[in-house]
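As stored in data.cif (mmCIF, C-alpha atoms and all ligand atoms):
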data_data
#
loop_
_atom_site.label_atom_id
_atom_site.label_comp_id
_atom_site.auth_asym_id
_atom_site.auth_seq_id
_atom_site.Cartn_x
_atom_site.Cartn_y
_atom_site.Cartn_z
CA MET A 258 3.76 10.36 28.95
CA ALA A 259 1.17 7.99 27.53
CA PHE A 260 0.94 4.38 28.74
CA LEU A 261 2.76 2.08 26.29
CA PHE A 262 0.51 -0.97 26.60
CA GLU A 263 3.01 -3.50 27.90
CA SER A 264 0.59 -5.21 30.31
CA PHE A 265 -3.03 -5.30 31.39
CA GLU A 266 -2.11 -4.67 35.01
CA GLY A 267 -0.11 -1.63 33.89
CA TRP A 268 -3.13 -0.38 31.90
CA LYS A 269 -5.37 -0.63 34.94
CA ASN A 270 -2.81 1.05 37.23
CA TYR A 271 -2.22 3.85 34.72
CA CYS A 272 -5.96 4.55 34.57
CA THR A 273 -6.34 4.44 38.36
CA GLU A 274 -3.31 6.62 39.10
CA ASN A 275 -4.09 9.18 36.40
CA LYS A 276 -7.87 9.07 36.85
CA LYS A 277 -8.34 8.23 33.17
CA SER A 278 -10.78 5.93 31.47
CA VAL A 279 -9.49 2.80 29.68
CA VAL A 280 -10.44 4.39 26.38
CA GLN A 281 -8.69 7.68 27.18
CA ALA A 282 -5.46 5.74 27.80
CA VAL A 283 -5.59 4.35 24.24
CA LEU A 284 -6.47 7.77 22.87
CA ASP A 285 -3.41 9.27 24.63
CA TYR A 286 -1.23 6.50 23.18
CA GLU A 287 -2.52 7.00 19.64
CA GLN A 288 -1.99 10.75 19.81
CA GLU A 289 1.48 10.58 21.34
CA GLN A 290 2.91 7.55 19.55
CA LYS A 291 1.27 7.95 16.14
CA GLY A 292 1.16 11.75 16.05
CA ARG A 293 -2.52 11.89 15.19
CA THR A 294 -5.05 14.39 16.48
CA GLU A 295 -8.07 13.24 18.45
CA ALA A 296 -10.32 14.27 15.55
CA GLN A 297 -8.27 12.15 13.11
CA ILE A 298 -8.50 9.14 15.42
CA TRP A 299 -12.30 9.32 15.71
CA GLU A 300 -12.59 9.90 11.98
CA GLY A 301 -10.44 6.82 11.26
CA LEU A 302 -12.48 4.71 13.66
CA GLY A 303 -15.69 5.95 12.04
CA LYS A 304 -14.42 4.88 8.61
CA ALA A 305 -13.36 1.48 9.94
CA TRP A 306 -16.83 0.98 11.46
CA VAL A 307 -18.45 1.74 8.09
CA VAL A 308 -16.17 -0.80 6.36
CA MET A 309 -17.02 -3.42 9.00
CA LYS A 310 -20.78 -2.89 8.55
CA ASP A 311 -20.41 -2.89 4.76
CA ALA A 312 -18.50 -6.20 4.92
CA VAL A 313 -21.29 -7.79 6.95
CA LYS A 314 -23.90 -6.51 4.49
CA ALA A 315 -21.93 -7.61 1.42
CA GLY A 316 -21.31 -11.07 2.88
CA LEU A 317 -25.04 -11.50 3.50
CA GLU A 318 -26.27 -10.05 0.21
CA GLU A 319 -23.67 -10.51 -2.53
CA ASP A 320 -22.20 -13.60 -4.13
CA MET A 321 -19.38 -14.90 -1.95
CA THR A 322 -17.67 -17.65 -3.90
CA SER A 323 -13.91 -17.80 -3.50
CA ARG A 324 -11.57 -18.63 -6.38
CA SER A 325 -10.78 -22.02 -4.83
CA GLY A 326 -14.50 -22.76 -4.47
CA MET A 327 -14.06 -23.72 -0.81
CA ILE A 328 -16.05 -20.67 0.28
CA ASN A 329 -19.49 -20.70 -1.28
CA ASN A 330 -22.04 -18.34 0.30
CA GLY A 331 -22.08 -20.10 3.66
CA ALA A 332 -22.99 -16.97 5.63
CA LYS A 333 -26.19 -16.43 3.65
CA LYS A 334 -27.22 -20.05 4.14
CA VAL A 335 -26.74 -19.78 7.90
CA TYR A 336 -28.52 -16.40 8.06
CA ARG A 337 -31.56 -17.68 6.19
CA TYR A 338 -31.85 -21.10 7.79
CA PRO A 339 -35.35 -21.31 9.30
CA LEU A 340 -34.44 -23.06 12.56
CA PRO A 341 -32.26 -21.05 14.98
CA VAL A 342 -30.29 -23.39 17.27
CA LEU A 343 -30.54 -21.00 20.25
CA SER A 344 -32.11 -17.73 19.12
CA LYS A 345 -32.31 -15.53 16.03
CA GLU A 346 -29.78 -13.20 17.71
CA PHE A 347 -27.22 -16.00 18.01
CA GLN A 348 -27.88 -17.06 14.43
CA ASN A 349 -27.35 -13.44 13.32
CA LEU A 350 -24.11 -13.18 15.30
CA ILE A 351 -22.46 -16.15 13.68
CA SER A 352 -23.86 -15.32 10.21
CA ARG A 353 -22.36 -11.84 10.44
CA ALA A 354 -18.95 -13.09 11.56
CA LEU A 355 -19.00 -15.59 8.69
CA ALA A 356 -20.19 -12.91 6.27
CA ALA A 357 -17.43 -10.38 6.94
CA LYS A 358 -14.77 -13.09 6.85
CA GLU A 359 -16.14 -14.49 3.57
CA VAL A 360 -15.73 -11.02 2.08
CA ASN A 361 -12.04 -11.24 2.98
CA SER A 362 -11.70 -14.73 1.47
CA CYS A 363 -13.32 -13.38 -1.71
CA MET A 364 -10.85 -10.46 -1.81
CA GLY A 365 -13.34 -7.82 -0.68
CA ARG A 366 -12.79 -4.85 1.62
CA ILE A 367 -12.45 -5.57 5.33
CA VAL A 368 -10.84 -4.18 8.48
CA ALA A 369 -7.94 -6.31 9.70
CA ALA A 370 -8.87 -6.41 13.39
CA PRO A 371 -6.25 -7.44 14.23
CA THR A 372 -5.59 -9.43 11.03
CA ALA A 373 -7.41 -10.23 7.79
CA GLY A 374 -7.75 -13.87 8.87
CA ALA A 375 -9.73 -12.76 11.92
CA SER A 376 -11.60 -9.92 10.20
CA GLY A 377 -15.11 -11.31 10.74
CA ILE A 378 -15.05 -11.41 14.53
CA MET A 379 -15.25 -7.72 15.49
CA PRO A 380 -17.88 -6.88 12.83
CA GLY A 381 -20.02 -9.85 13.89
CA VAL A 382 -19.75 -8.94 17.57
CA LEU A 383 -20.21 -5.17 17.21
CA VAL A 384 -23.08 -5.19 14.71
CA THR A 385 -24.96 -7.68 16.88
CA ILE A 386 -24.36 -5.95 20.22
CA GLN A 387 -25.43 -2.62 18.69
CA GLU A 388 -28.61 -4.16 17.33
CA ILE A 389 -29.61 -5.99 20.51
CA HIS A 390 -28.71 -3.27 23.04
CA ASN A 391 -29.18 -0.11 20.96
CA VAL A 392 -25.57 0.88 21.55
CA ASP A 393 -24.90 4.24 19.91
CA ASP A 394 -22.12 4.69 17.34
CA LYS A 395 -19.97 6.77 19.72
CA LYS A 396 -19.87 3.91 22.21
CA ILE A 397 -19.07 1.44 19.42
CA LEU A 398 -16.11 3.59 18.33
CA GLU A 399 -14.91 3.77 21.94
CA ALA A 400 -15.19 -0.01 22.16
CA MET A 401 -13.08 -0.30 19.00
CA LEU A 402 -10.42 1.89 20.58
CA LEU A 403 -10.51 -0.21 23.74
CA ALA A 404 -10.16 -3.33 21.58
CA ALA A 405 -7.10 -1.77 19.94
CA GLY A 406 -5.56 -1.42 23.41
CA ILE A 407 -6.24 -5.11 24.11
CA ALA A 408 -4.59 -6.08 20.80
CA LEU A 409 -1.58 -3.87 21.50
CA ILE A 410 -0.84 -5.68 24.76
CA MET A 411 -1.46 -9.13 23.31
CA GLU A 412 0.85 -8.35 20.39
CA GLN A 413 3.60 -7.22 22.76
CA LYS A 414 3.23 -10.05 25.30
CA ALA A 415 2.54 -12.86 22.79
CA SER A 416 1.52 -12.29 19.16
CA SER A 417 -1.51 -11.67 17.01
CA ALA A 418 -0.19 -13.51 13.94
CA GLY A 419 -0.97 -17.11 13.05
CA ALA A 420 2.48 -17.46 11.50
CA VAL A 421 4.05 -16.63 14.87
CA GLY A 422 1.72 -18.04 17.50
CA GLY A 423 -0.85 -20.21 15.73
CA CYS A 424 -4.54 -19.45 15.33
CA GLN A 425 -4.88 -18.85 19.10
CA ALA A 426 -2.87 -15.68 18.47
CA GLU A 427 -4.96 -14.51 15.54
CA THR A 428 -8.60 -15.44 16.15
CA GLY A 429 -7.82 -15.57 19.89
CA THR A 430 -6.75 -11.93 19.94
CA ALA A 431 -9.78 -10.87 17.87
CA SER A 432 -12.08 -12.81 20.17
CA ALA A 433 -10.50 -11.16 23.24
CA MET A 434 -10.95 -7.76 21.57
CA GLY A 435 -14.59 -8.65 20.97
CA ALA A 436 -15.18 -9.78 24.56
CA GLY A 437 -13.63 -6.58 25.94
CA ALA A 438 -15.73 -4.50 23.55
CA ILE A 439 -18.96 -6.23 24.59
CA VAL A 440 -18.26 -5.83 28.31
CA TYR A 441 -17.43 -2.15 27.74
CA CYS A 442 -20.58 -1.51 25.69
CA LEU A 443 -22.71 -3.09 28.41
CA GLY A 444 -21.23 -0.90 31.15
CA GLY A 445 -18.64 -3.26 32.62
CA ASP A 446 -15.71 -1.87 34.62
CA ILE A 447 -12.01 -2.44 33.90
CA ASP A 448 -11.84 -5.59 36.06
CA GLN A 449 -14.75 -7.10 34.15
CA ILE A 450 -13.20 -6.10 30.81
CA LEU A 451 -9.85 -7.70 31.66
CA ASN A 452 -11.60 -10.75 33.07
CA GLY A 453 -13.49 -11.09 29.78
CA VAL A 454 -10.17 -10.99 27.90
CA ALA A 455 -8.64 -13.62 30.19
CA ILE A 456 -11.61 -16.00 29.95
CA THR A 457 -11.69 -15.66 26.17
CA VAL A 458 -8.02 -16.47 25.74
CA GLN A 459 -8.35 -19.43 28.12
CA CYS A 460 -10.91 -20.81 25.67
CA MET A 461 -8.68 -20.27 22.62
CA LEU A 462 -5.31 -21.54 23.92
CA GLY A 463 -3.52 -24.08 21.76
CA LEU A 464 -5.47 -23.48 18.56
CA VAL A 465 -3.17 -24.18 15.61
CA CYS A 466 -2.96 -22.36 12.29
CA ASP A 467 -3.54 -24.93 9.53
CA PRO A 468 -5.18 -23.26 6.50
CA VAL A 469 -6.01 -25.70 3.72
CA ALA A 470 -3.91 -25.03 0.59
CA GLY A 471 -2.43 -22.04 2.43
CA LEU A 472 -5.59 -20.05 1.66
CA VAL A 473 -7.22 -18.14 4.49
CA GLU A 474 -10.54 -19.91 3.96
CA ILE A 475 -10.78 -23.33 5.64
CA PRO A 476 -10.94 -23.44 8.66
CA CYS A 477 -10.50 -19.66 9.01
CA VAL A 478 -14.06 -18.67 8.10
CA VAL A 479 -15.79 -20.98 10.58
CA ARG A 480 -13.25 -20.12 13.27
CA ASN A 481 -14.39 -16.50 12.99
CA ALA A 482 -17.91 -17.64 13.87
CA SER A 483 -16.81 -19.73 16.85
CA ALA A 484 -14.49 -16.98 18.10
CA ALA A 485 -17.39 -14.49 17.94
CA ALA A 486 -19.50 -16.91 19.98
CA ILE A 487 -16.70 -17.35 22.54
CA ALA A 488 -16.36 -13.56 22.84
CA ASN A 489 -20.03 -13.42 23.81
CA SER A 490 -19.94 -16.34 26.24
CA SER A 491 -16.83 -14.89 27.92
CA ALA A 492 -18.41 -11.44 28.18
CA GLN A 493 -21.49 -12.98 29.78
CA ILE A 494 -19.31 -14.79 32.34
CA ALA A 495 -17.12 -11.75 33.04
CA LEU A 496 -20.07 -9.38 33.51
CA ALA A 497 -21.33 -11.69 36.26
CA ASN A 498 -17.95 -11.29 38.03
CA VAL A 499 -17.01 -14.93 37.67
CA SER A 500 -13.23 -14.84 37.96
CA SER A 501 -10.78 -16.14 35.38
CA VAL A 502 -8.66 -17.16 38.43
CA ILE A 503 -5.45 -16.88 36.39
CA PRO A 504 -4.75 -13.14 35.96
CA VAL A 505 -5.07 -11.85 32.40
CA ASP A 506 -1.36 -11.05 31.95
CA GLU A 507 -0.42 -14.59 32.97
CA VAL A 508 -3.01 -16.01 30.56
CA ILE A 509 -1.47 -14.02 27.69
CA GLU A 510 2.02 -15.14 28.76
CA ALA A 511 0.75 -18.74 28.59
CA MET A 512 -0.50 -18.04 25.08
CA GLY A 513 2.95 -16.73 24.15
CA GLU A 514 4.65 -19.78 25.67
CA ILE A 515 2.33 -22.16 23.80
CA GLY A 516 2.90 -20.19 20.58
CA SER A 517 6.68 -20.37 20.86
CA SER A 518 6.68 -24.10 21.55
CA MET A 519 4.21 -24.84 18.72
CA GLU A 520 5.75 -26.74 15.84
CA THR A 521 6.31 -24.81 12.61
CA ARG A 522 3.84 -26.94 10.71
CA TYR A 523 1.06 -25.40 12.82
CA LYS A 524 2.04 -21.82 11.98
CA GLU A 525 0.45 -20.95 8.63
CA THR A 526 2.81 -23.19 6.66
CA ALA A 527 -0.06 -25.42 5.48
CA LEU A 528 2.03 -28.45 6.44
CA GLY A 529 0.05 -29.70 9.43
CA GLY A 530 -3.42 -30.18 10.85
CA LEU A 531 -6.32 -29.79 8.40
CA ALA A 532 -3.94 -28.71 5.62
CA ALA A 533 -2.12 -32.05 5.88
CA THR A 534 -5.24 -34.24 5.65
CA LYS A 535 -5.80 -36.32 2.52
CA THR A 536 -8.56 -33.99 1.35
CA GLY A 537 -6.58 -30.89 2.30
CA GLN A 538 -3.64 -32.09 0.24
CA ALA A 539 -5.87 -32.93 -2.75
CA ILE A 540 -7.40 -29.42 -2.63
CA ALA A 541 -3.92 -27.86 -2.42
CA LYS A 542 -2.85 -29.80 -5.52
CA ARG A 543 -5.99 -28.78 -7.42
CA VAL A 544 -5.56 -25.10 -6.49
CA LEU A 545 -1.89 -25.17 -7.51
CA ILE A 546 -2.62 -26.76 -10.90
CA ARG A 547 -5.38 -24.22 -11.57
CA ASP A 548 -3.06 -21.33 -10.67
CA ILE A 549 -0.38 -22.65 -13.05
CA GLU A 550 -2.96 -23.06 -15.84
CA ILE A 551 -4.15 -19.44 -15.58
CA MET A 552 -0.63 -18.00 -15.38
CA PRO A 553 0.36 -15.88 -18.38
CA ASP A 554 2.83 -17.82 -20.62
CA GLU A 555 5.73 -15.51 -19.98
CA ASN A 556 5.59 -16.24 -16.23
CA VAL A 557 5.50 -20.02 -16.51
CA SER A 558 9.07 -20.79 -17.51
S1 LIG B 1 -6.05 -20.86 10.66
FE1 LIG B 1 -4.28 -19.51 10.40
S2 LIG B 1 -4.75 -18.29 8.58
FE2 LIG B 1 -6.68 -19.19 9.31
S3 LIG B 1 -7.57 -17.62 10.70
FE3 LIG B 1 -6.40 -19.05 11.95
S4 LIG B 1 -4.39 -18.04 12.11
FE4 LIG B 1 -5.42 -17.09 10.38
#

Would it be possible to restate this file's structure as structure tokens?
Ligand code: SF4
Amino acid sequence: MAFLFESFEGWKNYCTENKKSVVQAVLDYEQEQKGRTEAQIWEGLGKAWVVMKDAVKAGLEEDMTSRSGMINNGAKKVYRYPLPVLSKEFQNLISRALAAKEVNSCMGRIVAAPTAGASGIMPGVLVTIQEIHNVDDKKILEAMLLAAGIALIMEQKASSAGAVGGCQAETGTASAMGAGAIVYCLGGDIDQILNGVAITVQCMLGLVCDPVAGLVEIPCVVRNASAAAIANSSAQIALANVSSVIPVDEVIEAMGEIGSSMETRYKETALGGLAATKTGQAIAKRVLIRDIEIMPDENVS
């Protein structure tokens, strides 16, 4: 029977006892639990990878102005800015994460990995790691499958939805998926992969979900960029075998505990945090009035 992804320790033990790779364990799960053939799984991953790359490209080349006007081609501005803060690679990483997420905010096609709100993180991370390290597509698809395994456990032990666990659950899960994927692509072992997940989540704990006007735009888009950066810093730390000290399962349990004790106004209700600021409230009012004005007459009464 396939491993059911209840814990990271269980994942590691399953692989050790059954002499299977971390990726094979996810493949077994997908085949057994979803009834898909191995060929269908790789085909689906291949399609998702194309959509991710297309989203990055569209966000960097096409007009990305959201209906609210809060998103206005930020990714392109970052990508083209002549002074990289650290390196051109870092600038590309955050531009790409912004780009794919802007596509989502402008109602374009993305891969929810694990959610639409966090859809810029995996594309930003994967496109950049492939470019810098010449990672082949097969390895990228394997890393996506591995990342799916990470998300499965985080969803079961805590949550991957902002409405349930705050933004730590949403962008935090995507960032952990990204860190695991990077470590895997660069040849890390299972301990390093899990350590990368743990370190990432330690950096994201407590982050609230407070989208302005209830739109997944501000602060969502910039959080995709910072989460992509954290995925890379955590992968760098984990590859060097610097320990997270708190085991990964306990870190995820802490995330779940923080999520359950978080007040409702910080869970995608647009009642707290940035959404509750004076400017946030004014934007919400403006967006609401505009929506009422463009409603067809028959729907207004
Ligand atoms: S703030 Fe909320 S809606 Fe925005 S990315 Fe985070 S969890 Fe998603």

*Which neighbours of A:Ala426 fall inside 8 Å, counting all atoms listed in the file, when residues of the same chain fewer than 5 positions from it are skipped, and could you give them as number ranges by chain?*
A: 415-419, 421, 512, 516

Can you list every residue of chain A that has an atom at most 7 Å from ligand LIG 1 (chain B), with its nearest atom pair and the distance in Å to one decimal, using all atoms listed in the file, ordered by chain then number, as JSON lines?
{"residue": "A:Gly374", "atom": "CA", "partner": "B:LIG1", "partner_atom": "S3", "distance": 4.2}
{"residue": "A:Ala375", "atom": "CA", "partner": "B:LIG1", "partner_atom": "S3", "distance": 5.5}
{"residue": "A:Ala418", "atom": "CA", "partner": "B:LIG1", "partner_atom": "S4", "distance": 6.4}
{"residue": "A:Gly419", "atom": "CA", "partner": "B:LIG1", "partner_atom": "S4", "distance": 3.7}
{"residue": "A:Ala420", "atom": "CA", "partner": "B:LIG1", "partner_atom": "S4", "distance": 6.9}
{"residue": "A:Gly423", "atom": "CA", "partner": "B:LIG1", "partner_atom": "S4", "distance": 5.5}
{"residue": "A:Cys424", "atom": "CA", "partner": "B:LIG1", "partner_atom": "S4", "distance": 3.5}
{"residue": "A:Ala426", "atom": "CA", "partner": "B:LIG1", "partner_atom": "S4", "distance": 7.0}
{"residue": "A:Glu427", "atom": "CA", "partner": "B:LIG1", "partner_atom": "S4", "distance": 5.0}
{"residue": "A:Thr428", "atom": "CA", "partner": "B:LIG1", "partner_atom": "FE3", "distance": 6.0}
{"residue": "A:Val465", "atom": "CA", "partner": "B:LIG1", "partner_atom": "S1", "distance": 6.6}
{"residue": "A:Cys466", "atom": "CA", "partner": "B:LIG1", "partner_atom": "FE1", "distance": 3.7}
{"residue": "A:Asp467", "atom": "CA", "partner": "B:LIG1", "partner_atom": "S1", "distance": 4.9}
{"residue": "A:Pro468", "atom": "CA", "partner": "B:LIG1", "partner_atom": "S1", "distance": 4.9}
{"residue": "A:Val473", "atom": "CA", "partner": "B:LIG1", "partner_atom": "S2", "distance": 4.8}
{"residue": "A:Glu474", "atom": "CA", "partner": "B:LIG1", "partner_atom": "FE2", "distance": 6.6}
{"residue": "A:Ile475", "atom": "CA", "partner": "B:LIG1", "partner_atom": "FE2", "distance": 6.9}
{"residue": "A:Pro476", "atom": "CA", "partner": "B:LIG1", "partner_atom": "S1", "distance": 5.9}
{"residue": "A:Cys477", "atom": "CA", "partner": "B:LIG1", "partner_atom": "FE2", "distance": 3.9}
{"residue": "A:Arg480", "atom": "CA", "partner": "B:LIG1", "partner_atom": "S3", "distance": 6.7}
{"residue": "A:Lys524", "atom": "CA", "partner": "B:LIG1", "partner_atom": "FE1", "distance": 6.9}
{"residue": "A:Glu525", "atom": "CA", "partner": "B:LIG1", "partner_atom": "FE1", "distance": 5.3}

*Point out the residue among A:Val308, A:Leu343, A:Ala511, A:Ala495 with the least atom-to-atom distance to A:Gly444, counting all atoms listed in the file.*
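Selected residue with least distance to A:Gly444: A:Ala495.
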
*Between atom CA of A:Gly453 and atom CA of A:Ala492 - distance in Å to one decimal*: 5.2 Å

*What does the distance between atom CA of A:Cys442 and atom CA of A:Phe260 come to in Å, to one decimal place?*
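Separation of atom CA of A:Cys442 and atom CA of A:Phe260: 22.5 Å.
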
_Residues within 10 Å of A:Ala431, only C-alpha atoms, excluding chain neighbours under 2 positions, as an MDAnalysis selection string_ = chainID A and resid 369:372 374:379 404:405 407:408 417 425:429 433:437 457:458 481 484:485 488

_Distance criterion (only C-alpha atoms): nearest to A:Ile389 out of A:Leu350, A:Ile410, A:Gly267, A:Gln297_ = A:Leu350

*asked:* Neighbouring residues of A:Glu295 were defined as those with any atom within 12 Å, considering only C-alpha atoms; residues of the same chain fewer than 2 positions away were excluded. Please report them as a list in words.
replied: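 Once the adjacent positions are removed, what remains is Gln281, Val283, Leu284, Asp285, Tyr286, Glu287, Gln288, Glu289, Lys291, Gly292, Arg293, Gln297, Ile298, Trp299, Glu300, Gly301, Leu302 and Leu402 of chain A.
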
*Counting all atoms listed in the file, figure out which residue out of A:Val502, A:Ile351, A:Ile509, A:Val342 gets nearest to A:Lys414.*
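Of A:Val502, A:Ile351, A:Ile509, A:Val342, the one nearest A:Lys414 is A:Ile509, counting all atoms listed in the file.
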